[in-house]
Each structure stands twice: as structure tokens, then as C-alpha cells.
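**Student:** For reference, this is final_7.txt, and it has compact mmCIF, C-alpha atoms.
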```txt
# COMPACT_ATOMS: atom_id res chain seq x y z
CA MET H 1410 -1.16 -6.15 10.14
CA ARG H 1411 -3.77 -3.40 10.23
CA ALA H 1412 -4.04 0.37 10.19
CA GLY H 1413 -6.94 2.77 10.60
CA TYR H 1414 -7.46 6.24 9.16
CA ALA H 1415 -9.96 9.00 9.83
CA LEU H 1416 -10.69 10.86 6.61
CA GLY H 1417 -12.25 14.28 6.96
CA GLY H 1418 -14.64 13.95 4.05
CA ASP H 1419 -13.18 16.98 2.28
CA ASP H 1420 -12.05 17.21 -1.35
CA GLY H 1421 -8.61 15.77 -0.63
CA CYS H 1422 -9.72 12.73 1.36
CA ILE H 1423 -9.92 10.41 -1.66
CA ALA H 1424 -6.33 11.10 -2.67
CA ASP H 1425 -5.27 10.83 0.99
CA ALA H 1426 -6.95 7.42 1.21
CA ARG H 1427 -5.09 6.17 -1.88
CA HIS H 1428 -1.78 7.42 -0.45
CA HIS H 1429 -2.51 5.68 2.87
CA ALA H 1430 -3.21 2.43 1.00
CA ALA H 1431 0.03 2.63 -1.00
CA ALA H 1432 2.06 3.42 2.14
CA PHE H 1433 0.37 0.59 4.07
CA LEU H 1434 1.22 -1.97 1.38
CA LYS H 1435 4.78 -0.66 1.10
CA LYS H 1436 5.20 -1.01 4.87
CA ALA H 1437 3.79 -4.55 4.73
CA GLY H 1438 6.42 -5.42 2.15
CA ALA H 1439 9.25 -3.78 4.07
CA ASP H 1440 8.36 -4.83 7.62
CA HIS H 1441 6.89 -8.28 6.98
CA ARG H 1442 8.58 -9.21 3.70
CA LEU H 1443 5.18 -9.56 2.13
CA LEU H 1444 5.25 -9.73 -1.64
CA VAL H 1445 2.77 -7.17 -2.94
CA SER H 1446 2.54 -7.10 -6.72
CA ASP H 1447 1.86 -3.97 -8.73
CA ARG H 1448 -1.52 -5.50 -9.59
CA VAL H 1449 -2.50 -5.89 -5.93
CA ARG H 1450 -1.30 -2.38 -5.12
CA ASP H 1451 -3.25 -0.91 -8.04
CA LEU H 1452 -6.43 -2.86 -7.26
CA THR H 1453 -6.24 -1.89 -3.59
CA GLN H 1454 -5.91 1.77 -4.48
CA LEU H 1455 -8.78 1.46 -6.98
CA VAL H 1456 -11.08 -0.14 -4.39
CA VAL H 1457 -10.10 2.45 -1.78
CA SER H 1458 -10.79 5.23 -4.25
CA GLU H 1459 -14.21 3.88 -5.25
CA LEU H 1460 -15.42 3.14 -1.71
CA VAL H 1461 -14.20 6.43 -0.25
CA THR H 1462 -15.64 8.36 -3.21
CA ASN H 1463 -19.05 6.75 -2.60
CA ALA H 1464 -18.87 7.47 1.13
CA ARG H 1465 -17.93 11.09 0.50
CA LYS H 1466 -20.62 11.51 -2.15
CA TYR H 1467 -23.55 9.87 -0.36
CA ALA H 1468 -22.86 10.15 3.40
CA PRO H 1469 -22.54 13.33 5.44
CA GLY H 1470 -19.60 13.62 7.79
CA PRO H 1471 -16.28 11.90 8.17
CA VAL H 1472 -15.24 8.58 6.67
CA LEU H 1473 -13.23 5.93 8.48
CA MET H 1474 -11.02 3.48 6.63
CA GLU H 1475 -9.21 0.42 7.90
CA LEU H 1476 -6.72 -1.69 5.96
CA ARG H 1477 -5.91 -5.23 7.09
CA ILE H 1478 -3.69 -7.97 5.77
CA GLN H 1479 -4.66 -11.49 6.74
CA ALA H 1480 -4.49 -14.98 5.30
CA GLY H 1481 -3.45 -14.06 1.79
CA SER H 1482 -5.63 -11.02 1.31
CA VAL H 1483 -5.96 -7.30 1.85
CA ASP H 1484 -9.20 -6.08 3.39
CA VAL H 1485 -10.35 -2.54 2.66
CA VAL H 1486 -12.96 -1.49 5.22
CA VAL H 1487 -14.83 1.81 4.89
CA TRP H 1488 -17.32 3.16 7.45
CA ASP H 1489 -19.68 6.05 6.77
CA SER H 1490 -22.76 7.59 8.36
CA GLU H 1491 -25.33 6.69 5.66
CA PRO H 1492 -27.33 3.56 6.64
CA THR H 1493 -28.66 2.93 3.12
CA VAL H 1494 -27.07 -0.19 1.65
CA PRO H 1495 -25.73 0.50 -1.84
CA ALA H 1496 -26.68 -1.70 -4.78
CA ALA H 1497 -24.85 -2.20 -8.04
CA ARG H 1498 -26.90 -0.92 -10.94
CA GLY H 1499 -27.76 -2.86 -14.06
CA VAL H 1500 -25.56 -2.78 -17.10
CA ASP H 1501 -25.98 0.43 -19.06
CA PRO H 1502 -23.14 1.29 -21.46
CA GLY H 1503 -24.60 4.77 -21.93
CA ARG H 1504 -24.54 5.62 -18.22
CA ILE H 1505 -21.85 8.08 -17.24
CA GLY H 1506 -20.57 7.47 -13.73
CA GLN H 1507 -22.13 5.44 -10.92
CA HIS H 1508 -20.10 2.33 -11.77
CA GLY H 1509 -18.06 2.31 -8.54
CA LEU H 1510 -19.76 -0.60 -6.81
CA GLU H 1511 -19.76 -2.62 -10.03
CA ILE H 1512 -16.00 -2.05 -10.33
CA VAL H 1513 -15.37 -3.07 -6.72
CA LYS H 1514 -17.47 -6.23 -7.13
CA ALA H 1515 -15.56 -7.12 -10.29
CA VAL H 1516 -12.07 -6.85 -8.78
CA ALA H 1517 -12.68 -7.94 -5.18
CA GLU H 1518 -12.64 -11.51 -3.98
CA SER H 1519 -15.61 -10.65 -1.78
CA LEU H 1520 -17.71 -7.64 -0.83
CA VAL H 1521 -19.71 -7.41 2.41
CA VAL H 1522 -22.00 -4.52 3.38
CA GLU H 1523 -23.17 -4.34 6.99
CA ARG H 1524 -25.57 -1.84 8.51
CA ARG H 1525 -24.25 -0.38 11.74
CA PRO H 1526 -26.06 1.69 14.40
CA VAL H 1527 -24.71 4.90 12.89
CA GLY H 1528 -24.31 4.06 9.22
CA LYS H 1529 -22.70 1.15 7.40
CA ARG H 1530 -19.43 -0.70 7.00
CA ILE H 1531 -18.29 -2.02 3.63
CA THR H 1532 -15.49 -4.59 3.45
CA ALA H 1533 -13.84 -5.53 0.16
CA ARG H 1534 -11.30 -8.37 0.15
CA ILE H 1535 -8.54 -8.40 -2.45
CA SER H 1536 -6.40 -11.49 -2.94
CA LEU H 1537 -2.66 -11.05 -2.53
CA VAL H 1538 -2.12 -13.90 -5.01
CA ASP H 1539 -2.01 -12.88 -8.65
CA PRO H 1540 -3.99 -15.14 -10.99
CA PRO H 1541 -1.94 -17.39 -13.28
CA LEU H 1542 -1.19 -15.97 -16.70
```
Show the structure stored in the file as C-alpha cells.

**Tutor:**
Amino acid sequence: MRAGYALGGDDGCIADARHHAAAFLKKAGADHRLLVSDRVRDLTQLVVSELVTNARKYAPGPVLMELRIQAGSVDVVVWDSEPTVPAARGVDPGRIGQHGLEIVKAVAESLVVERRPVGKRITARISLVDPPL
């Protein structure tokens, strides 16, 4: 299952992206009887929010987002027009903001950044399986 979304890059695109993610996971549950826990839904929306926020903040123009479910995971894929590969910053408890990539790396099963001819594509994979308690 997959779905793609063109986000205009305006002020409302981050909230729109989160709503698309929630609707996508709800549809996956309804149409494919896929069990999506609250944790997976929340983490997916968090990752979407962080990646789209970074794209909107650092890349001019529209943002594309794709959501895919495959082999026990949800992939969040975000394309933007900025070719610079982002890097997580060092730990700094006094720093306000700029923790988005650190957050994504902490909650995602994997994170892949690929340069493309007109920007970059970032893919974060989130496991559909909740860790044991």
C-alpha cells in the first residue's frame, strides 16, 4: 500500500502532512486489516512532521511526501529541492530547536538520505511491531 502527496510548502503543509499520515494509516487498518497501534500512528505523524518541517524550512518550493507500508514497516519518504544532506547535530541540552533529525533517528528503524538530481529524498522506516513491554 502506498500514497503520494504534493505539499505546497505553505504554512499549513505540515499539519496537512500529519493529517495525510493519520488517514493513510487508518485506511490501511480498514482496507487491509492491518493492526496499527497508537504508538506507530504517533511516531509516524512525528516523523512526518519533523521531515516536512525541515523541508519547508530549508528548501525552496514544494515538498513531496510518499507513505508506504511494506514488510512490517511504514516508510515515510520526503522529497525536497535542497541538495544539501542534513546532519544530526551534537548533543547540546541548551540548544533550542534543530533537534528534528536527532528525533527521527531516535524513533526510526532506519533513515536513508539520497541526493537526487533536483534535491534530496529522505526515507525513514518505522516498524509496525511495538517493542515488548

**Student:** For Leu1452 (chain H), which residue out of H:Ile1512, H:Leu1520, H:Met1474, H:Met1410 is the nearest one, using only C-alpha atoms?

**Tutor:** H:Ile1512

**Student:** Just to confirm, what's the straight-line distance from CA of Val1522 (chain H) to CA of Leu1443 (chain H) in Å (one decimal)?

**Tutor:** 27.7 Å

**Student:** Counting only C-alpha atoms, figure out which residue out of H:Pro1495, H:Leu1537, H:Ala1480, H:Val1500 gets nearest to Leu1460 (chain H).

**Tutor:**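 Distance minimum relative to Leu1460 (chain H) lands on H:Pro1495.
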
**Student:** If we count all atoms listed in the file, what is near Arg1427 (chain H) at a cut-off of 12 Å, once residues fewer than 4 positions away on the same chain are taken out, given as an MDAnalysis selection string?

**Tutor:** chainID H and resid 1414 1416 1421:1423 1431:1434 1450:1462 1474 1476 1485

**Student:** Return the single residue from H:Pro1541, H:Gly1417, H:Leu1473, H:Ile1478 that is closest to His1441 (chain H), with distances computed using all atoms listed in the file.

**Tutor:**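 With all atoms listed in the file as the atom set, the closest residue is H:Ile1478.
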
**Student:** Go through H:Asp1425, H:Asp1501, H:Glu1518, H:Asp1420 and flag the residue nearest Asp1539 (chain H), using all atoms listed in the file for the distances.

**Tutor:**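 Result for the nearest residue to Asp1539 (chain H): H:Glu1518.
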
**Student:** Which value, in Å to one decimal, gives the distance between CA of Gly1503 (chain H) and CA of Ala1464 (chain H)?

**Tutor:** 23.9 Å

**Student:** Go through H:Arg1525, H:Lys1435, H:Arg1530, H:Arg1504 one by one, measure the shortest atom-to-atom distance of each to Val1486 (chain H) using all atoms listed in the file, and give the residue with the smallest value.

**Tutor:**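 Result for the nearest residue to Val1486 (chain H): H:Arg1530.
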
**Student:** Kindly give the distance, in Å, that separates CA of Gly1418 (chain H) and CA of Ser1519 (chain H), rounded to a single decimal.

**Tutor:**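 CA of Ser1519 (chain H) lies 25.3 Å from CA of Gly1418 (chain H).
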
**Student:** Can you pull out the residues contacting Val1538 (chain H)? Cut-off 10 Å, using all atoms listed in the file, and skip same-chain residues under 4 positions away; I want them as JSON, numbers by chain.

**Tutor:** {"H": [1444, 1445, 1446, 1448, 1449, 1481, 1482]}

**Student:** For Tyr1467 (chain H), which of H:Gly1413, H:Gly1528, H:Gly1499, H:Gly1438 is the closest residue, counting all atoms listed in the file?

**Tutor:**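 Answer, going by the shortest atom-to-atom distance: H:Gly1528.
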
**Student:** Output, as lines of an AutoDock Vina configuration file, the centre and edge lengths in Å (one decimal) of the axis-aligned box that contains all listed atoms of region 1423-1427 of chain H with 8 Å of margin on each side.

**Tutor:**
```
center_x = -7.5
center_y = 8.6
center_z = -0.7
size_x = 20.8
size_y = 20.9
size_z = 19.9
```

**Student:** Just want the 6 Å neighbourhood of Val1483 (chain H), counted on all atoms listed in the file, with same-chain residues fewer than 5 positions away dropped. Output as a list in words.

**Tutor:**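 The residues satisfying every condition are Arg1477, Ile1478, Arg1534 and Ile1535 of chain H.
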